[in-house]
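For reference, entry_35.txt is printed below; it contains compact mmCIF, C-alpha atoms and all ligand atoms.
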```
# COMPACT_ATOMS: atom_id res chain seq x y z
CA MET A 279 -9.03 51.58 40.41
CA SER A 280 -12.06 49.85 41.96
CA ASP A 281 -13.25 51.24 45.28
CA ALA A 282 -12.25 48.02 47.06
CA ALA A 283 -8.62 48.67 46.08
CA LEU A 284 -8.55 52.06 47.83
CA PRO A 285 -6.91 52.45 51.25
CA ILE A 286 -8.69 52.74 54.59
CA ALA A 287 -8.14 56.14 56.25
CA VAL A 288 -7.49 56.25 59.98
CA PHE A 289 -7.58 59.55 61.79
CA ASP A 290 -6.53 60.45 65.34
CA SER A 291 -5.51 63.57 67.21
CA GLY A 292 -1.99 62.14 67.46
CA VAL A 293 -0.18 58.87 67.93
CA GLY A 294 -2.55 57.04 70.32
CA GLY A 295 -4.74 55.87 67.44
CA LEU A 296 -1.83 53.68 66.32
CA THR A 297 -3.25 51.12 68.82
CA VAL A 298 -6.43 51.09 66.71
CA LEU A 299 -4.37 50.90 63.50
CA ARG A 300 -2.59 47.87 64.93
CA ALA A 301 -5.91 46.13 65.56
CA LEU A 302 -7.17 47.07 62.09
CA ARG A 303 -4.09 45.59 60.45
CA ALA A 304 -4.42 42.40 62.49
CA GLU A 305 -8.08 42.09 61.44
CA MET A 306 -7.52 43.03 57.76
CA PRO A 307 -3.90 42.31 56.76
CA GLU A 308 -4.78 42.57 53.05
CA GLU A 309 -5.80 46.22 53.30
CA ASP A 310 -3.76 49.38 52.70
CA PHE A 311 -4.02 52.05 55.41
CA ILE A 312 -3.29 55.74 55.53
CA TYR A 313 -3.02 57.10 59.07
CA LEU A 314 -3.06 60.77 59.99
CA GLY A 315 -2.21 62.06 63.46
CA ASP A 316 -3.15 65.71 63.95
CA THR A 317 -0.11 66.26 66.15
CA ALA A 318 -0.09 70.01 65.47
CA ARG A 319 -3.31 70.41 67.44
CA LEU A 320 -3.09 67.59 70.00
CA PRO A 321 -4.59 67.24 72.59
CA TYR A 322 -8.23 67.20 71.52
CA GLY A 323 -9.35 65.92 74.91
CA THR A 324 -9.19 69.28 76.65
CA LYS A 325 -10.83 71.30 73.87
CA SER A 326 -14.46 72.26 73.30
CA ALA A 327 -16.76 70.08 71.20
CA ASP A 328 -16.99 72.76 68.48
CA THR A 329 -13.24 73.03 68.15
CA VAL A 330 -12.75 69.24 68.06
CA CYS A 331 -15.46 68.98 65.41
CA ARG A 332 -13.79 71.62 63.25
CA TYR A 333 -10.36 70.00 63.60
CA ALA A 334 -11.76 66.55 62.82
CA LEU A 335 -13.45 67.83 59.65
CA GLN A 336 -10.29 69.57 58.45
CA ALA A 337 -7.95 66.65 59.16
CA SER A 338 -10.35 64.09 57.69
CA ALA A 339 -10.68 66.16 54.52
CA LEU A 340 -6.93 65.75 53.93
CA LEU A 341 -7.38 61.99 53.99
CA VAL A 342 -10.61 61.84 52.01
CA ASP A 343 -9.13 64.01 49.24
CA ARG A 344 -6.53 61.33 48.62
CA GLY A 345 -9.18 58.76 47.71
CA VAL A 346 -10.10 56.32 50.46
CA LYS A 347 -12.88 53.77 50.85
CA CYS A 348 -13.66 54.32 54.52
CA LEU A 349 -12.75 56.67 57.37
CA VAL A 350 -12.00 55.24 60.81
CA VAL A 351 -12.03 57.87 63.57
CA ALA A 352 -9.62 56.29 66.07
CA CYS A 353 -9.79 59.23 68.47
CA ASN A 354 -12.40 58.78 71.22
CA THR A 355 -12.80 62.51 71.76
CA ALA A 356 -13.39 63.16 68.04
CA SER A 357 -15.69 60.13 67.76
CA SER A 358 -17.72 61.38 70.71
CA VAL A 359 -18.57 64.73 69.09
CA ALA A 360 -17.78 64.76 65.37
CA LEU A 361 -19.35 61.64 63.80
CA PRO A 362 -22.61 63.32 62.68
CA ALA A 363 -20.65 66.20 61.10
CA LEU A 364 -18.22 63.80 59.40
CA ASP A 365 -21.09 61.71 58.07
CA ALA A 366 -22.85 64.80 56.76
CA ARG A 367 -19.71 66.09 55.04
CA PHE A 368 -18.23 62.89 53.64
CA GLY A 369 -21.21 60.53 53.24
CA PRO A 370 -21.81 58.14 51.52
CA LEU A 371 -18.20 57.32 52.51
CA PRO A 372 -18.54 54.98 55.50
CA VAL A 373 -17.32 56.59 58.73
CA VAL A 374 -16.58 54.29 61.69
CA GLY A 375 -15.98 55.70 65.19
CA VAL A 376 -14.70 53.98 68.32
CA ILE A 377 -17.54 54.79 70.75
CA GLU A 378 -20.16 52.22 69.67
CA PRO A 379 -17.59 49.40 69.34
CA GLY A 380 -16.09 50.30 72.75
CA ALA A 381 -19.52 50.40 74.34
CA SER A 382 -20.39 46.99 72.95
CA ALA A 383 -17.08 45.54 74.21
CA ALA A 384 -17.89 46.83 77.71
CA VAL A 385 -21.45 45.51 77.70
CA ARG A 386 -20.25 42.10 76.51
CA ALA A 387 -17.58 41.97 79.24
CA SER A 388 -19.69 43.05 82.21
CA GLY A 389 -21.47 40.38 84.17
CA THR A 390 -22.76 42.68 86.92
CA VAL A 391 -23.89 45.37 84.47
CA ARG A 392 -21.75 47.93 86.26
CA VAL A 393 -19.15 49.59 84.06
CA ALA A 394 -16.55 52.26 84.77
CA VAL A 395 -15.41 54.41 81.84
CA ILE A 396 -12.21 56.44 81.86
CA ALA A 397 -11.55 58.91 79.06
CA THR A 398 -10.49 62.48 78.31
CA GLU A 399 -12.31 65.45 79.77
CA GLY A 400 -14.12 66.09 76.46
CA THR A 401 -15.33 62.52 76.05
CA VAL A 402 -16.58 62.38 79.64
CA ARG A 403 -18.27 65.79 79.35
CA GLY A 404 -20.20 64.72 76.24
CA ASN A 405 -21.48 61.50 77.90
CA ALA A 406 -20.97 59.62 74.64
CA TYR A 407 -20.11 56.31 76.31
CA PRO A 408 -23.00 56.23 78.82
CA ARG A 409 -25.40 57.05 75.96
CA ALA A 410 -23.94 54.39 73.66
CA ILE A 411 -24.00 51.78 76.44
CA ALA A 412 -27.63 52.67 77.29
CA ARG A 413 -28.60 52.17 73.63
CA ILE A 414 -27.23 48.63 73.77
CA ARG A 415 -28.37 47.78 77.30
CA PRO A 416 -30.34 50.38 79.26
CA ASP A 417 -29.92 48.65 82.63
CA VAL A 418 -26.12 49.01 82.68
CA GLU A 419 -24.92 51.41 85.36
CA VAL A 420 -22.04 53.57 84.11
CA ILE A 421 -19.68 55.72 86.13
CA GLN A 422 -17.07 57.88 84.42
CA ARG A 423 -13.89 59.71 85.22
CA ALA A 424 -11.63 61.94 83.15
CA CYS A 425 -7.98 60.86 83.50
CA ALA A 426 -6.07 63.63 81.73
CA LEU A 427 -2.68 62.80 83.22
CA PHE A 428 -2.73 59.35 81.62
CA VAL A 429 -2.39 61.04 78.22
CA SER A 430 0.71 62.96 79.36
CA LEU A 431 2.25 59.90 81.02
CA ALA A 432 1.82 57.80 77.88
CA GLU A 433 3.21 60.58 75.67
CA GLU A 434 6.21 60.84 77.97
CA GLY A 435 6.79 57.10 77.76
CA TRP A 436 6.19 56.73 81.52
CA THR A 437 3.83 53.84 81.00
CA ASP A 438 4.88 51.91 84.10
CA GLY A 439 6.73 52.41 87.38
CA PRO A 440 5.91 54.17 90.66
CA ILE A 441 4.66 57.44 89.13
CA ALA A 442 2.30 55.77 86.66
CA GLU A 443 1.04 53.48 89.40
CA ALA A 444 0.46 56.34 91.86
CA VAL A 445 -1.53 58.28 89.25
CA ALA A 446 -3.53 55.16 88.35
CA ARG A 447 -4.31 54.58 92.03
CA ARG A 448 -5.45 58.16 92.54
CA TYR A 449 -7.78 58.07 89.51
CA LEU A 450 -9.12 54.55 89.79
CA GLU A 451 -9.49 53.66 93.45
CA PRO A 452 -12.44 56.03 94.06
CA LEU A 453 -14.29 54.45 91.14
CA PHE A 454 -14.00 50.95 92.59
CA ARG A 455 -14.57 51.78 96.26
CA ALA A 456 -18.36 51.39 96.16
CA GLU A 457 -20.06 48.51 97.96
CA GLU A 458 -20.98 47.06 94.58
CA PRO A 459 -18.09 48.21 92.39
CA PRO A 460 -18.00 47.92 88.60
CA ASP A 461 -16.65 44.62 87.27
CA THR A 462 -15.48 46.18 84.00
CA LEU A 463 -13.27 49.13 83.13
CA LEU A 464 -13.56 50.59 79.63
CA LEU A 465 -10.45 52.42 78.44
CA GLY A 466 -12.19 55.18 76.49
CA CYS A 467 -9.08 56.92 75.21
CA THR A 468 -6.47 55.91 72.64
CA HIS A 469 -3.62 56.43 75.11
CA PHE A 470 -4.84 54.34 78.01
CA PRO A 471 -4.01 50.83 76.73
CA ALA A 472 -0.34 51.89 76.99
CA LEU A 473 -0.83 52.08 80.79
CA MET A 474 -2.32 48.61 81.09
CA ALA A 475 0.36 47.32 83.49
CA PRO A 476 -0.14 49.89 86.32
CA ILE A 477 -3.92 49.92 85.78
CA ARG A 478 -4.02 46.14 86.13
CA ARG A 479 -1.91 46.23 89.30
CA VAL A 480 -4.22 48.79 90.91
CA LEU A 481 -7.41 46.94 90.00
CA GLY A 482 -6.25 43.37 90.49
CA GLU A 483 -7.36 40.44 88.38
CA ARG A 484 -11.10 40.52 89.07
CA VAL A 485 -11.92 43.63 87.03
CA ARG A 486 -12.18 43.12 83.27
CA ILE A 487 -10.38 45.78 81.25
CA VAL A 488 -11.56 46.43 77.70
CA ASP A 489 -10.85 48.98 75.00
CA SER A 490 -12.35 49.72 71.62
CA ALA A 491 -9.45 48.77 69.32
CA ALA A 492 -10.41 45.15 68.53
CA THR A 493 -14.15 45.81 68.32
CA THR A 494 -13.58 48.85 66.08
CA ALA A 495 -11.51 46.66 63.76
CA GLU A 496 -14.33 44.10 63.69
CA ALA A 497 -16.92 46.82 63.02
CA THR A 498 -14.82 48.24 60.16
CA ASP A 499 -14.38 44.78 58.66
CA ALA A 500 -18.14 44.10 58.89
CA CYS A 501 -18.97 47.49 57.40
CA LEU A 502 -16.63 47.08 54.41
CA SER A 503 -17.72 43.48 53.87
CA SER A 504 -21.39 44.46 53.80
CA LEU A 505 -20.60 47.07 51.13
CA GLY A 506 -18.52 44.65 49.05
CA LEU A 507 -15.43 46.81 49.68
CA ARG A 508 -13.13 44.31 51.41
CA ARG A 509 -9.93 43.37 49.66
CA ARG A 510 -9.49 39.63 49.98
CA SER A 511 -5.91 38.98 48.82
CA GLY A 512 -2.45 40.50 48.86
CA ILE A 513 -0.43 42.08 51.65
CA GLY A 514 -1.49 45.54 52.72
CA SER A 515 0.70 48.58 53.36
CA VAL A 516 0.69 51.45 55.86
CA HIS A 517 1.35 55.09 55.10
CA LEU A 518 1.84 57.37 58.12
CA ALA A 519 1.31 61.12 58.19
CA ALA A 520 1.27 63.85 60.84
CA THR A 521 0.51 67.55 60.89
CA ASP A 522 3.59 68.36 62.98
CA GLY A 523 6.85 66.85 64.22
CA PRO A 524 7.53 63.60 62.34
CA GLU A 525 10.43 62.96 64.75
CA ARG A 526 8.24 63.08 67.83
CA PHE A 527 5.49 61.18 66.03
CA ALA A 528 7.99 58.38 65.32
CA ARG A 529 9.44 58.34 68.84
CA VAL A 530 6.20 58.44 70.80
CA GLY A 531 4.28 56.50 68.15
CA SER A 532 6.56 53.51 68.58
CA ILE A 533 5.15 53.12 72.12
CA PHE A 534 1.64 52.75 70.70
CA SER A 535 2.28 50.84 67.51
CA GLY A 536 4.51 48.25 69.19
CA GLU A 537 7.17 48.53 66.50
CA PRO A 538 9.83 51.10 65.63
CA ILE A 539 8.78 53.94 63.33
CA ASN A 540 11.31 55.70 61.12
CA PRO A 541 10.73 59.50 61.10
CA ASP A 542 11.61 59.53 57.39
CA ASP A 543 8.55 57.34 56.79
CA VAL A 544 6.20 59.92 58.35
CA GLU A 545 4.80 62.38 55.84
CA LEU A 546 4.31 65.94 57.09
CA LEU A 547 0.94 67.34 56.05
CA ASP A 548 0.05 70.99 56.31
CA LEU A 549 -3.34 72.03 57.64
N1 LIG A 601 -6.95 60.63 70.98
C1 LIG A 601 -7.56 61.18 72.17
C2 LIG A 601 -8.72 60.29 72.61
O1 LIG A 601 -8.78 59.11 72.32
C3 LIG A 601 -6.56 61.30 73.32
C4 LIG A 601 -5.51 62.37 73.11
C5 LIG A 601 -6.08 63.76 72.95
O2 LIG A 601 -6.58 64.32 73.96
O3 LIG A 601 -6.05 64.27 71.85
O4 LIG A 601 -9.64 60.78 73.24
```

Encoded form using structure tokens:
Amino acid sequence: MSDAALPIAVFDSGVGGLTVLRALRAEMPEEDFIYLGDTARLPYGTKSADTVCRYALQASALLVDRGVKCLVVACNTASSVALPALDARFGPLPVVGVIEPGASAAVRASGTVRVAVIATEGTVRGNAYPRAIARIRPDVEVIQRACALFVSLAEEGWTDGPIAEAVARRYLEPLFRAEEPPDTLLLGCTHFPALMAPIRRVLGERVRIVDSAATTAEATDACLSSLGLRRRSGIGSVHLAATDGPERFARVGSIFSGEPINPDDVELLDL
């Protein structure tokens, strides 16, 4: 089999990365994908950088051992700390994370060069987004906030309604209270696009809301194209796997993928 015929691996701590998978499939419908959610060890967002790095290496190894042409790290927390280690272990396999693409989406969207980033505790602590944004445009002012409860709300399926809106208000209003508030909000976590409706209601129409899914898909496409690894014909497939609870993966994953998932189609992988 030529390398171009191999699948693209997508790795996340759980089901949230299915939003990135959706964007990847829309960008590259000819490609096969294998997606692994490390549901046994979710959440990554509250864990130390060393632990997340170790988990990301172990879970990615399961995918790489199957023969893949590229690894997409859909998890923001893992992307923020583990990319150098993944590159060192699996290179020359291309490894694409979500931080740089998310940062470039935010810089492109912001007219006032003031950006708010919301993410998990781990991503905020590591300052990955402010550093990535500064590399693209050093004059952009970035404020950040960890929004841990958004992950739980999305996992629970409480993506809209009074509770989701109250939590969104509590997290977001302080970020936008300044005299010159940000004009752009970057959703720096796989789970947050699921809460778009309450976030939009709290912020109103003037704030631009961006995430890294579409730009990560574009970056992956560009990377594979530059290496001559893009498949140009046919209809691609998706294989789903999880390290725990295929039933829960299917139930909660349907919220993120936008289509029903059959638990029997989710392979259980042991780590
Ligand atoms: N996938 C994680 C992220 O994007 C969110 C869930 C978790 O904490 O593991 O940061």

Subject >> Residue with smallest distance to ligand LIG 601 (chain A) - pool A:Pro471, A:Gly482, A:Pro372, A:Gly389, counting only C-alpha atoms and all ligand atoms >> reply: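 That would be A:Pro471, the residue with the smallest distance to ligand LIG 601 (chain A).
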
Subject >> Who sits within 9 Å of Pro538 (chain A), all atoms listed in the file, same chain under 3 positions skipped, as number ranges by chain >> reply: A: 528-529, 531-533, 535

Neighbourhood of ligand LIG 601 (chain A) at 6 Å, counting only C-alpha atoms and all ligand atoms, reported as a compact mmCIF listing (two decimals) with C-alpha atoms, keeping the file's coordinate frame:
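Final output, pocket_39.txt:
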```txt
# COMPACT_ATOMS: atom_id res chain seq x y z
CA ASP A 290 -6.53 60.45 65.34
CA SER A 291 -5.51 63.57 67.21
CA GLY A 294 -2.55 57.04 70.32
CA LEU A 320 -3.09 67.59 70.00
CA PRO A 321 -4.59 67.24 72.59
CA TYR A 322 -8.23 67.20 71.52
CA GLY A 323 -9.35 65.92 74.91
CA CYS A 353 -9.79 59.23 68.47
CA ASN A 354 -12.40 58.78 71.22
CA THR A 355 -12.80 62.51 71.76
CA THR A 398 -10.49 62.48 78.31
CA CYS A 467 -9.08 56.92 75.21
CA THR A 468 -6.47 55.91 72.64
CA HIS A 469 -3.62 56.43 75.11
```

Please tabulate, as a tab-separated table, the residues of region 463-525 of chain A that come within 10 Å of region 326-342 of chain A, each with its closest pair of atoms and the distance in Å to one decimal, counting only C-alpha atoms and ordering rows by chain, then residue number upward.
```
residue	atom	partner	partner_atom	distance
A:Ala519	CA	A:Leu341	CA	9.7
A:Ala520	CA	A:Ala337	CA	9.8
A:Thr521	CA	A:Ala337	CA	8.7
```

Original post:
Of the residues A:Asp542, A:Val488, A:Arg319, A:Ser358, which is the one nearest to Arg409 (chain A), using all atoms listed in the file?
Top reply: A:Ser358

Original post:
Within 10 Å of (-20.1, 47.4, 76.3), in the coordinates the file gives, what residues turn up when you count all atoms listed in the file, written out as a list in words?
Top reply: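 Result, sorted by chain then residue number: Ile377, Glu378, Pro379, Gly380, Ala381, Ser382, Ala383, Ala384, Val385, Arg386, Ala387, Ser388, Val391, Val393, Tyr407, Pro408, Ala410, Ile411, Ala412, Ile414, Arg415, Val418, Thr462, Leu463, Leu464, Val488, Asp489 and Ser490 of chain A.
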
Output C-alpha atoms of each residue in that selection to a file, as a PDB file, in the frame of the given file.
```pdb
ATOM      1  CA  ILE A 377     -17.540  54.790  70.750  1.00  0.00           C
ATOM      2  CA  GLU A 378     -20.160  52.220  69.670  1.00  0.00           C
ATOM      3  CA  PRO A 379     -17.590  49.400  69.340  1.00  0.00           C
ATOM      4  CA  GLY A 380     -16.090  50.300  72.750  1.00  0.00           C
ATOM      5  CA  ALA A 381     -19.520  50.400  74.340  1.00  0.00           C
ATOM      6  CA  SER A 382     -20.390  46.990  72.950  1.00  0.00           C
ATOM      7  CA  ALA A 383     -17.080  45.540  74.210  1.00  0.00           C
ATOM      8  CA  ALA A 384     -17.890  46.830  77.710  1.00  0.00           C
ATOM      9  CA  VAL A 385     -21.450  45.510  77.700  1.00  0.00           C
ATOM     10  CA  ARG A 386     -20.250  42.100  76.510  1.00  0.00           C
ATOM     11  CA  ALA A 387     -17.580  41.970  79.240  1.00  0.00           C
ATOM     12  CA  SER A 388     -19.690  43.050  82.210  1.00  0.00           C
ATOM     13  CA  VAL A 391     -23.890  45.370  84.470  1.00  0.00           C
ATOM     14  CA  VAL A 393     -19.150  49.590  84.060  1.00  0.00           C
ATOM     15  CA  TYR A 407     -20.110  56.310  76.310  1.00  0.00           C
ATOM     16  CA  PRO A 408     -23.000  56.230  78.820  1.00  0.00           C
ATOM     17  CA  ALA A 410     -23.940  54.390  73.660  1.00  0.00           C
ATOM     18  CA  ILE A 411     -24.000  51.780  76.440  1.00  0.00           C
ATOM     19  CA  ALA A 412     -27.630  52.670  77.290  1.00  0.00           C
ATOM     20  CA  ILE A 414     -27.230  48.630  73.770  1.00  0.00           C
ATOM     21  CA  ARG A 415     -28.370  47.780  77.300  1.00  0.00           C
ATOM     22  CA  VAL A 418     -26.120  49.010  82.680  1.00  0.00           C
ATOM     23  CA  THR A 462     -15.480  46.180  84.000  1.00  0.00           C
ATOM     24  CA  LEU A 463     -13.270  49.130  83.130  1.00  0.00           C
ATOM     25  CA  LEU A 464     -13.560  50.590  79.630  1.00  0.00           C
ATOM     26  CA  VAL A 488     -11.560  46.430  77.700  1.00  0.00           C
ATOM     27  CA  ASP A 489     -10.850  48.980  75.000  1.00  0.00           C
ATOM     28  CA  SER A 490     -12.350  49.720  71.620  1.00  0.00           C
TER      29      SER A 490
END
```

Six-sided padding of 3 Å per side, axis-aligned box over region 381-384 of chain A, centre and edges in Å, one decimal, as JSON:
```
{"center_x": -18.7, "center_y": 48.0, "center_z": 75.3, "size_x": 9.3, "size_y": 10.9, "size_z": 10.8}
```
